[in-house]
Each structure stands twice: as structure tokens, then as C-alpha cells.
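Undergrad: Structure: protein_11.csv, CSV, N, CA and C atoms and all ligand atoms.
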chain,number,residue,atom,x,y,z
Z,1,MET,N,158.9,-22.8,-63.9
Z,1,MET,CA,159.5,-21.5,-64.3
Z,1,MET,C,158.3,-20.5,-64.6
Z,2,ASP,N,158.5,-19.4,-63.9
Z,2,ASP,CA,157.4,-18.4,-64.1
Z,2,ASP,C,157.6,-17.6,-65.4
Z,3,HIS,N,156.6,-17.3,-66.0
Z,3,HIS,CA,156.6,-16.5,-67.2
Z,3,HIS,C,155.7,-15.3,-67.0
Z,4,GLU,N,156.4,-14.2,-67.0
Z,4,GLU,CA,155.6,-12.9,-66.8
Z,4,GLU,C,155.2,-12.3,-68.1
Z,5,VAL,N,153.9,-12.0,-68.1
Z,5,VAL,CA,153.4,-11.3,-69.3
Z,5,VAL,C,153.1,-9.9,-69.0
Z,6,PRO,N,153.9,-9.0,-69.6
Z,6,PRO,CA,153.7,-7.6,-69.2
Z,6,PRO,C,152.3,-7.1,-69.8
Z,7,PHE,N,151.7,-6.3,-68.9
Z,7,PHE,CA,150.4,-5.8,-69.2
Z,7,PHE,C,150.6,-4.8,-70.3
Z,8,GLN,N,149.9,-5.0,-71.4
Z,8,GLN,CA,150.0,-4.0,-72.5
Z,8,GLN,C,148.6,-3.7,-73.0
Z,9,ALA,N,148.3,-2.5,-73.0
Z,9,ALA,CA,147.0,-2.1,-73.5
Z,9,ALA,C,147.1,-1.9,-75.1
Z,10,ALA,N,146.2,-2.6,-75.7
Z,10,ALA,CA,146.1,-2.5,-77.1
Z,10,ALA,C,145.5,-1.2,-77.5
Z,11,MET,N,146.3,-0.3,-78.0
Z,11,MET,CA,145.8,1.0,-78.3
Z,11,MET,C,145.6,1.3,-79.8
Z,12,ASP,N,146.2,0.4,-80.5
Z,12,ASP,CA,146.1,0.7,-82.0
Z,12,ASP,C,144.8,0.4,-82.5
Z,13,GLY,N,144.4,1.3,-83.4
Z,13,GLY,CA,143.1,1.2,-84.0
Z,13,GLY,C,141.9,1.6,-83.1
Z,14,HIS,N,142.3,2.2,-82.0
Z,14,HIS,CA,141.3,2.7,-81.1
Z,14,HIS,C,140.5,3.9,-81.6
Z,15,GLU,N,139.2,3.9,-81.6
Z,15,GLU,CA,138.5,4.9,-82.1
Z,15,GLU,C,137.7,5.7,-81.1
Z,16,ASP,N,137.9,6.9,-81.0
Z,16,ASP,CA,137.2,7.8,-80.1
Z,16,ASP,C,136.1,8.5,-80.8
Z,17,GLU,N,135.0,8.6,-80.1
Z,17,GLU,CA,133.9,9.4,-80.7
Z,17,GLU,C,133.4,10.3,-79.6
Z,18,ILE,N,133.6,11.6,-79.9
Z,18,ILE,CA,133.2,12.6,-78.9
Z,18,ILE,C,131.9,13.3,-79.5
Z,19,GLU,N,131.0,13.4,-78.6
Z,19,GLU,CA,129.8,14.1,-79.0
Z,19,GLU,C,129.6,15.3,-78.2
Z,20,ILE,N,129.5,16.5,-78.8
Z,20,ILE,CA,129.3,17.7,-78.1
Z,20,ILE,C,128.0,18.4,-78.6
Z,21,ASP,N,127.4,19.0,-77.7
Z,21,ASP,CA,126.2,19.7,-78.0
Z,21,ASP,C,126.5,21.2,-78.3
Z,22,VAL,N,126.0,21.6,-79.4
Z,22,VAL,CA,126.3,23.0,-79.8
Z,22,VAL,C,125.0,23.7,-79.9
Z,23,LEU,N,124.9,24.8,-79.2
Z,23,LEU,CA,123.7,25.7,-79.3
Z,23,LEU,C,124.0,26.7,-80.4
Z,24,ARG,N,123.2,26.7,-81.4
Z,24,ARG,CA,123.4,27.7,-82.4
Z,24,ARG,C,122.1,28.1,-83.0
Z,25,ALA,N,122.1,29.2,-83.8
Z,25,ALA,CA,120.9,29.7,-84.3
Z,25,ALA,C,120.3,28.6,-85.3
Z,26,CYS,N,119.0,28.5,-85.1
Z,26,CYS,CA,118.3,27.5,-86.0
Z,26,CYS,C,118.4,27.9,-87.4
Z,27,GLU,N,118.8,26.9,-88.2
Z,27,GLU,CA,118.9,27.3,-89.7
Z,27,GLU,C,117.6,27.4,-90.4
Z,28,GLN,N,116.6,26.7,-89.8
Z,28,GLN,CA,115.3,26.7,-90.4
Z,28,GLN,C,114.6,28.1,-90.4
Z,29,CYS,N,114.8,28.8,-89.3
Z,29,CYS,CA,114.1,30.1,-89.1
Z,29,CYS,C,115.1,31.2,-88.9
Z,30,ASN,N,116.4,30.9,-89.1
Z,30,ASN,CA,117.4,31.9,-89.0
Z,30,ASN,C,117.4,32.5,-87.6
Z,31,GLY,N,117.0,31.8,-86.6
Z,31,GLY,CA,117.1,32.2,-85.2
Z,31,GLY,C,115.9,33.1,-84.8
Z,32,SER,N,115.0,33.2,-85.7
Z,32,SER,CA,113.8,34.1,-85.3
Z,32,SER,C,112.8,33.3,-84.5
Z,33,GLY,N,112.8,32.0,-84.7
Z,33,GLY,CA,111.9,31.2,-83.9
Z,33,GLY,C,110.5,31.0,-84.6
Z,34,SER,N,110.4,31.6,-85.8
Z,34,SER,CA,109.1,31.6,-86.5
Z,34,SER,C,109.3,31.0,-87.8
Z,35,GLU,N,108.3,30.3,-88.3
Z,35,GLU,CA,108.3,29.7,-89.6
Z,35,GLU,C,108.4,30.8,-90.7
Z,36,SER,N,107.7,31.8,-90.6
Z,36,SER,CA,107.7,32.9,-91.5
Z,36,SER,C,108.1,34.2,-90.8
Z,37,SER,N,108.6,35.1,-91.6
Z,37,SER,CA,109.0,36.4,-91.0
Z,37,SER,C,107.8,37.2,-90.5
Z,38,GLU,N,106.7,36.9,-91.1
Z,38,GLU,CA,105.5,37.7,-90.6
Z,38,GLU,C,104.9,37.1,-89.3
Z,39,GLY,N,105.4,35.9,-89.0
Z,39,GLY,CA,104.9,35.2,-87.8
Z,39,GLY,C,105.4,35.8,-86.5
Z,40,VAL,N,106.4,36.7,-86.6
Z,40,VAL,CA,106.9,37.3,-85.3
Z,40,VAL,C,106.4,38.7,-85.2
Z,41,ARG,N,105.8,39.0,-84.1
Z,41,ARG,CA,105.4,40.4,-83.9
Z,41,ARG,C,105.7,40.8,-82.5
Z,42,GLU,N,105.8,42.1,-82.4
Z,42,GLU,CA,106.1,42.6,-81.1
Z,42,GLU,C,105.0,42.4,-80.1
Z,43,CYS,N,105.3,42.0,-78.9
Z,43,CYS,CA,104.3,41.8,-77.9
Z,43,CYS,C,103.6,43.1,-77.5
Z,44,PRO,N,102.3,43.2,-77.7
Z,44,PRO,CA,101.6,44.4,-77.4
Z,44,PRO,C,101.5,44.6,-75.9
Z,45,ALA,N,101.6,43.6,-75.1
Z,45,ALA,CA,101.4,43.7,-73.7
Z,45,ALA,C,102.6,44.4,-73.0
Z,46,CYS,N,103.8,44.2,-73.6
Z,46,CYS,CA,104.9,44.8,-73.0
Z,46,CYS,C,105.7,45.7,-73.9
Z,47,ASP,N,105.1,45.9,-75.1
Z,47,ASP,CA,105.8,46.8,-76.1
Z,47,ASP,C,107.1,46.2,-76.5
Z,48,GLY,N,107.2,44.9,-76.5
Z,48,GLY,CA,108.4,44.3,-77.0
Z,48,GLY,C,109.6,44.3,-76.0
Z,49,ARG,N,109.3,44.7,-74.8
Z,49,ARG,CA,110.4,44.8,-73.8
Z,49,ARG,C,110.5,43.4,-73.1
Z,50,GLY,N,109.5,42.7,-73.0
Z,50,GLY,CA,109.6,41.4,-72.4
Z,50,GLY,C,109.4,41.5,-70.9
Z,51,ARG,N,109.3,42.7,-70.4
Z,51,ARG,CA,109.1,42.9,-69.0
Z,51,ARG,C,108.0,43.9,-68.8
Z,52,ILE,N,107.2,43.8,-67.7
Z,52,ILE,CA,106.2,44.7,-67.4
Z,52,ILE,C,106.5,45.4,-66.1
Z,53,GLN,N,106.4,46.7,-66.1
Z,53,GLN,CA,106.6,47.4,-64.9
Z,53,GLN,C,105.2,47.8,-64.4
Z,54,ARG,N,105.1,47.6,-63.1
Z,54,ARG,CA,103.8,48.0,-62.5
Z,54,ARG,C,104.1,48.6,-61.1
Z,55,ILE,N,103.3,49.5,-60.8
Z,55,ILE,CA,103.4,50.2,-59.5
Z,55,ILE,C,102.6,49.5,-58.4
Z,56,GLU,N,103.3,49.2,-57.4
Z,56,GLU,CA,102.5,48.6,-56.3
Z,56,GLU,C,102.5,49.6,-55.1
Z,57,LYS,N,101.4,49.7,-54.5
Z,57,LYS,CA,101.3,50.6,-53.4
Z,57,LYS,C,101.5,49.8,-52.1
Z,58,ALA,N,102.4,50.3,-51.4
Z,58,ALA,CA,102.7,49.7,-50.1
Z,58,ALA,C,102.6,50.8,-49.0
Z,59,GLY,N,101.4,50.9,-48.5
Z,59,GLY,CA,101.3,51.9,-47.4
Z,59,GLY,C,101.4,53.3,-48.0
Z,60,PHE,N,102.3,54.1,-47.5
Z,60,PHE,CA,102.6,55.4,-48.1
Z,60,PHE,C,103.5,55.4,-49.3
Z,61,PHE,N,104.1,54.3,-49.5
Z,61,PHE,CA,105.1,54.2,-50.5
Z,61,PHE,C,104.6,53.5,-51.7
Z,62,THR,N,105.1,53.8,-52.8
Z,62,THR,CA,104.9,53.1,-54.0
Z,62,THR,C,106.2,52.4,-54.5
Z,63,LYS,N,106.1,51.2,-54.9
Z,63,LYS,CA,107.3,50.6,-55.4
Z,63,LYS,C,107.0,50.0,-56.8
Z,64,GLN,N,108.1,50.1,-57.5
Z,64,GLN,CA,108.0,49.6,-58.9
Z,64,GLN,C,108.4,48.2,-59.0
Z,65,VAL,N,107.5,47.4,-59.5
Z,65,VAL,CA,107.8,46.0,-59.6
Z,65,VAL,C,107.9,45.6,-61.1
Z,66,VAL,N,109.0,45.0,-61.4
Z,66,VAL,CA,109.2,44.6,-62.8
Z,66,VAL,C,109.1,43.1,-62.8
Z,67,THR,N,108.2,42.7,-63.7
Z,67,THR,CA,108.0,41.2,-63.8
Z,67,THR,C,108.1,40.8,-65.3
Z,68,ASP,N,108.4,39.6,-65.5
Z,68,ASP,CA,108.4,39.1,-66.8
Z,68,ASP,C,107.0,39.1,-67.4
Z,69,CYS,N,106.9,39.5,-68.6
Z,69,CYS,CA,105.6,39.5,-69.3
Z,69,CYS,C,105.1,38.1,-69.5
Z,70,SER,N,103.9,38.0,-69.0
Z,70,SER,CA,103.3,36.6,-69.1
Z,70,SER,C,102.8,36.3,-70.5
Z,71,SER,N,102.5,37.3,-71.3
Z,71,SER,CA,102.0,37.1,-72.6
Z,71,SER,C,103.0,36.5,-73.5
Z,72,CYS,N,104.2,37.0,-73.4
Z,72,CYS,CA,105.3,36.5,-74.3
Z,72,CYS,C,106.4,35.8,-73.5
Z,73,ARG,N,106.1,35.6,-72.2
Z,73,ARG,CA,107.1,34.9,-71.4
Z,73,ARG,C,108.4,35.5,-71.4
Z,74,GLY,N,108.4,36.8,-71.4
Z,74,GLY,CA,109.7,37.5,-71.3
Z,74,GLY,C,110.5,37.6,-72.6
Z,75,GLU,N,109.9,37.1,-73.6
Z,75,GLU,CA,110.6,37.2,-74.9
Z,75,GLU,C,110.5,38.5,-75.6
Z,76,GLY,N,109.4,39.2,-75.3
Z,76,GLY,CA,109.2,40.5,-76.0
Z,76,GLY,C,108.6,40.4,-77.3
Z,77,ARG,N,108.3,39.2,-77.7
Z,77,ARG,CA,107.7,39.0,-79.0
Z,77,ARG,C,106.8,37.8,-79.0
Z,78,ILE,N,105.9,37.8,-79.9
Z,78,ILE,CA,104.9,36.7,-79.9
Z,78,ILE,C,105.1,36.0,-81.2
Z,79,VAL,N,105.3,34.7,-81.2
Z,79,VAL,CA,105.4,33.9,-82.4
Z,79,VAL,C,104.1,33.2,-82.7
Z,80,SER,N,103.5,33.6,-83.8
Z,80,SER,CA,102.2,33.0,-84.0
Z,80,SER,C,102.3,31.6,-84.7
Z,81,ASP,N,103.4,31.4,-85.4
Z,81,ASP,CA,103.6,30.1,-86.0
Z,81,ASP,C,105.0,29.7,-85.7
Z,82,PRO,N,105.2,29.1,-84.6
Z,82,PRO,CA,106.6,28.7,-84.1
Z,82,PRO,C,107.2,27.7,-85.1
Z,83,CYS,N,108.5,27.9,-85.2
Z,83,CYS,CA,109.3,27.0,-86.0
Z,83,CYS,C,109.3,25.6,-85.4
Z,84,LEU,N,109.0,24.6,-86.2
Z,84,LEU,CA,108.9,23.3,-85.8
Z,84,LEU,C,110.3,22.7,-85.5
Z,85,SER,N,111.3,23.2,-86.2
Z,85,SER,CA,112.6,22.7,-86.0
Z,85,SER,C,113.2,23.0,-84.7
Z,86,CYS,N,112.9,24.2,-84.2
Z,86,CYS,CA,113.5,24.6,-82.9
Z,86,CYS,C,112.4,24.9,-81.8
Z,87,ASP,N,111.2,24.6,-82.2
Z,87,ASP,CA,110.1,24.7,-81.2
Z,87,ASP,C,109.9,26.2,-80.8
Z,88,GLY,N,110.2,27.1,-81.8
Z,88,GLY,CA,110.0,28.5,-81.5
Z,88,GLY,C,111.1,29.1,-80.7
Z,89,GLN,N,112.1,28.4,-80.4
Z,89,GLN,CA,113.2,28.9,-79.5
Z,89,GLN,C,114.2,29.7,-80.3
Z,90,GLY,N,114.3,29.5,-81.6
Z,90,GLY,CA,115.3,30.2,-82.4
Z,90,GLY,C,116.7,29.6,-82.3
Z,91,ARG,N,116.8,28.7,-81.3
Z,91,ARG,CA,118.1,28.1,-81.2
Z,91,ARG,C,117.9,26.6,-81.3
Z,92,ALA,N,118.8,26.0,-82.0
Z,92,ALA,CA,118.7,24.6,-82.2
Z,92,ALA,C,119.9,23.9,-81.6
Z,93,LYS,N,119.6,22.9,-80.9
Z,93,LYS,CA,120.6,22.1,-80.2
Z,93,LYS,C,121.1,21.0,-81.2
Z,94,GLN,N,122.2,21.2,-81.7
Z,94,GLN,CA,122.7,20.2,-82.6
Z,94,GLN,C,123.9,19.5,-82.0
Z,95,SER,N,123.8,18.2,-82.1
Z,95,SER,CA,124.9,17.4,-81.6
Z,95,SER,C,125.8,17.1,-82.7
Z,96,LYS,N,127.1,17.4,-82.4
Z,96,LYS,CA,128.1,17.2,-83.4
Z,96,LYS,C,128.9,16.0,-83.0
Z,97,GLN,N,129.2,15.2,-83.9
Z,97,GLN,CA,130.0,14.0,-83.7
Z,97,GLN,C,131.4,14.2,-84.3
Z,98,ILE,N,132.4,14.1,-83.4
Z,98,ILE,CA,133.7,14.3,-83.9
Z,98,ILE,C,134.5,13.0,-83.7
Z,99,LYS,N,135.0,12.6,-84.8
Z,99,LYS,CA,135.7,11.3,-84.7
Z,99,LYS,C,137.2,11.6,-84.5
Z,100,GLY,N,137.7,11.0,-83.5
Z,100,GLY,CA,139.0,11.2,-83.1
Z,100,GLY,C,140.0,10.4,-83.9
Z,101,LEU,N,140.6,9.4,-83.3
Z,101,LEU,CA,141.6,8.6,-84.0
Z,101,LEU,C,140.9,7.7,-85.0
Z,102,GLN,N,141.5,7.5,-86.1
Z,102,GLN,CA,141.0,6.6,-87.0
Z,102,GLN,C,142.1,5.5,-87.1
Z,103,SER,N,141.6,4.3,-87.3
Z,103,SER,CA,142.5,3.2,-87.5
Z,103,SER,C,143.4,3.4,-88.7
Z,104,PRO,N,144.7,3.4,-88.6
Z,104,PRO,CA,145.5,3.7,-89.7
Z,104,PRO,C,145.4,2.6,-90.8
Z,105,GLN,N,145.2,1.4,-90.4
Z,105,GLN,CA,145.1,0.4,-91.4
Z,105,GLN,C,143.7,-0.3,-91.3
Z,106,ALA,N,143.1,-0.3,-92.4
Z,106,ALA,CA,141.8,-1.1,-92.4
Z,106,ALA,C,142.1,-2.6,-92.7
Z,107,SER,N,141.5,-3.4,-91.9
Z,107,SER,CA,141.8,-4.8,-92.0
Z,107,SER,C,141.1,-5.3,-93.3
Z,108,LEU,N,142.0,-5.7,-94.2
Z,108,LEU,CA,141.4,-6.2,-95.4
Z,108,LEU,C,141.1,-7.7,-95.3
Z,109,PRO,N,140.0,-8.0,-95.9
Z,109,PRO,CA,139.6,-9.4,-95.8
Z,109,PRO,C,140.5,-10.3,-96.6
Z,110,GLY,N,141.0,-11.3,-96.0
Z,110,GLY,CA,142.0,-12.2,-96.7
Z,110,GLY,C,141.3,-13.1,-97.6
Z,111,PRO,N,142.1,-13.8,-98.4
Z,111,PRO,CA,141.5,-14.7,-99.4
Z,111,PRO,C,140.8,-15.8,-98.6
Z,112,ASP,N,139.6,-15.9,-98.8
Z,112,ASP,CA,138.8,-16.9,-98.1
Z,112,ASP,C,138.0,-17.8,-99.1
Z,113,SER,N,138.6,-19.0,-99.2
Z,113,SER,CA,137.9,-19.9,-100.2
Z,113,SER,C,137.1,-20.9,-99.4
Z,114,GLY,N,135.9,-21.0,-99.8
Z,114,GLY,CA,135.1,-21.9,-99.0
Z,114,GLY,C,134.4,-22.8,-99.8
A,201,ZN,ZN,105.2,40.7,-73.7
A,202,ZN,ZN,113.8,27.4,-85.9
Take the structure I supplied and represent it as C-alpha cells, if you would.
Ligand SMILES: [Zn+2]
Ligand SMILES: [Zn+2]

TA:
Amino acid sequence: MDHEVPFQAAMDGHEDEIEIDVLRACEQCNGSGSESSEGVRECPACDGRGRIQRIEKAGFFTKQVVTDCSSCRGEGRIVSDPCLSCDGQGRAKQSKQIKGLQSPQASLPGPDSG
């Protein structure tokens, strides 16, 4: 005699853990990217614009070329003492762990006499 066992997934007590990455302002430097407030200054090479305009001559014409400032890498500011927490980025990648389902009943240890 055949006996069929229905396939059943045990779902009770299943725990899901979701990890998401959140980009947010670094709490250490308040998003400035510098350890101290005096550590950030305007880039003198680009006047804080982050871009440098230069005129290139091409024959009879001149064309304006805008490039990212190499001194500040397009940031427009120079951080003399970068924040260690965010590596001077001003943004910290924080991974958040969210626990989904929690097991409704914790398995209590039974009386165990040994
Ligand atoms: Zn610059
Ligand atoms: Zn920081």
C-alpha cells in the first residue's frame, strides 16, 4: 500500500534577515568630510566651483573647455584632514539589518536531568 506524504514546507519560525545599504551623511563629520570645521576650505584653483574653464584655441576658433578640477577632484573644496569615518567623502555607507519574521515561540529548554 502506497502512502503519500504531502510536501510541506516548514515555514514556522523562519527568520529573514534583510541587509540594505543606506547612504547617508556621515555622523562623524556631519557630512562635511572633514574632522574639523576648519579643515575644509574652498579650493583656490577653481574658486570652489569644482570645475575649471579654459580656453582652447583651435585654428581660428576658440573653444571653452570645462574640466573637473584636478586639485580638488571636482569637489570644489579641499579637505586637509579628512574624516576617518567616511574617508573624507562626507557620506557613510551604513548597512542596516532588518529582521523580518521572528519566531513566535521560543523553544524553551525542557527539564533535563542528567
Ligand atoms: Zn578645485
Ligand atoms: Zn565623516

Undergrad: Counting all atoms listed in the file, which protein, DNA or RNA residues come within 5 Å of ligand ZN 202 (chain A), given as a list in words?

TA: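 Those residues are Cys26, Gln28, Cys29, Gly33, Cys83, Ser85, Cys86 and Gly90 of chain Z.
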
Undergrad: Between Z:Glu27, Z:Glu75, Z:Glu17, Z:Glu56, which one has atoms that come closest to Pro44 (chain Z), using only C-alpha atoms?

TA: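 Using only C-alpha atoms, the shortest distance to Pro44 (chain Z) belongs to Z:Glu75.
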
Undergrad: Within 6.5 Å of ligand ZN 201 (chain A) (counting all atoms listed in the file), which residues show up? I'd like them as a list in words.

TA: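 So, counting all atoms listed in the file, the residues near ligand ZN 201 (chain A) are Cys43, Pro44, Ala45, Cys46, Asp47, Gly48, Arg49, Gly50, Arg51, Cys69, Ser70, Ser71, Cys72, Arg73, Gly74, Glu75, Gly76 and Arg77 of chain Z.
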
Undergrad: What gap, in Å, lies between CA of Ser37 (chain Z) and atom N of Ile78 (chain Z)?

TA: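 According to the coordinates, CA of Ser37 (chain Z) and atom N of Ile78 (chain Z) are separated by 11.6 Å.
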
Undergrad: Point out the residue among Z:Val40, Z:Ser80, Z:Lys93, Z:Lys99 with the least atom-to-atom distance to Arg24 (chain Z), counting only C-alpha atoms.

TA: Z:Lys93

Undergrad: Quote the spacing between CA of Val79 (chain Z) and atom C of Glu38 (chain Z) in Å to one decimal place.

TA: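 Computing it gives 7.6 Å between the two atoms.
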
Undergrad: Rounded to one decimal place, report the CA of Thr67 (chain Z)-CA of Ile52 (chain Z) distance in Å.

TA: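 Distance reported for this atom pair: 5.3 Å.
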
Undergrad: Box for region 71-76 of chain Z - axis-aligned, 5 Å on each of the six sides, all listed atoms - centre and size in Å to one decimal, as lines of an AutoDock Vina configuration file.

TA:
center_x = 106.3
center_y = 37.7
center_z = -74.3
size_x = 18.6
size_y = 15.6
size_z = 16.0

Undergrad: Using the chain letters and numbers from this document, which residues of region 2-97 of chain Z does DSSP assign to strand (DSSP E or B), as a PyMOL selection string?

TA: chain Z and resi 17-25+34+40-42+51-58+61-68+77-79+82+91-97

Undergrad: Counting all atoms listed in the file, which of Z:Arg54, Z:Ala92, Z:Thr62, Z:Arg41 gets nearest to Ala25 (chain Z)?

TA: Z:Ala92
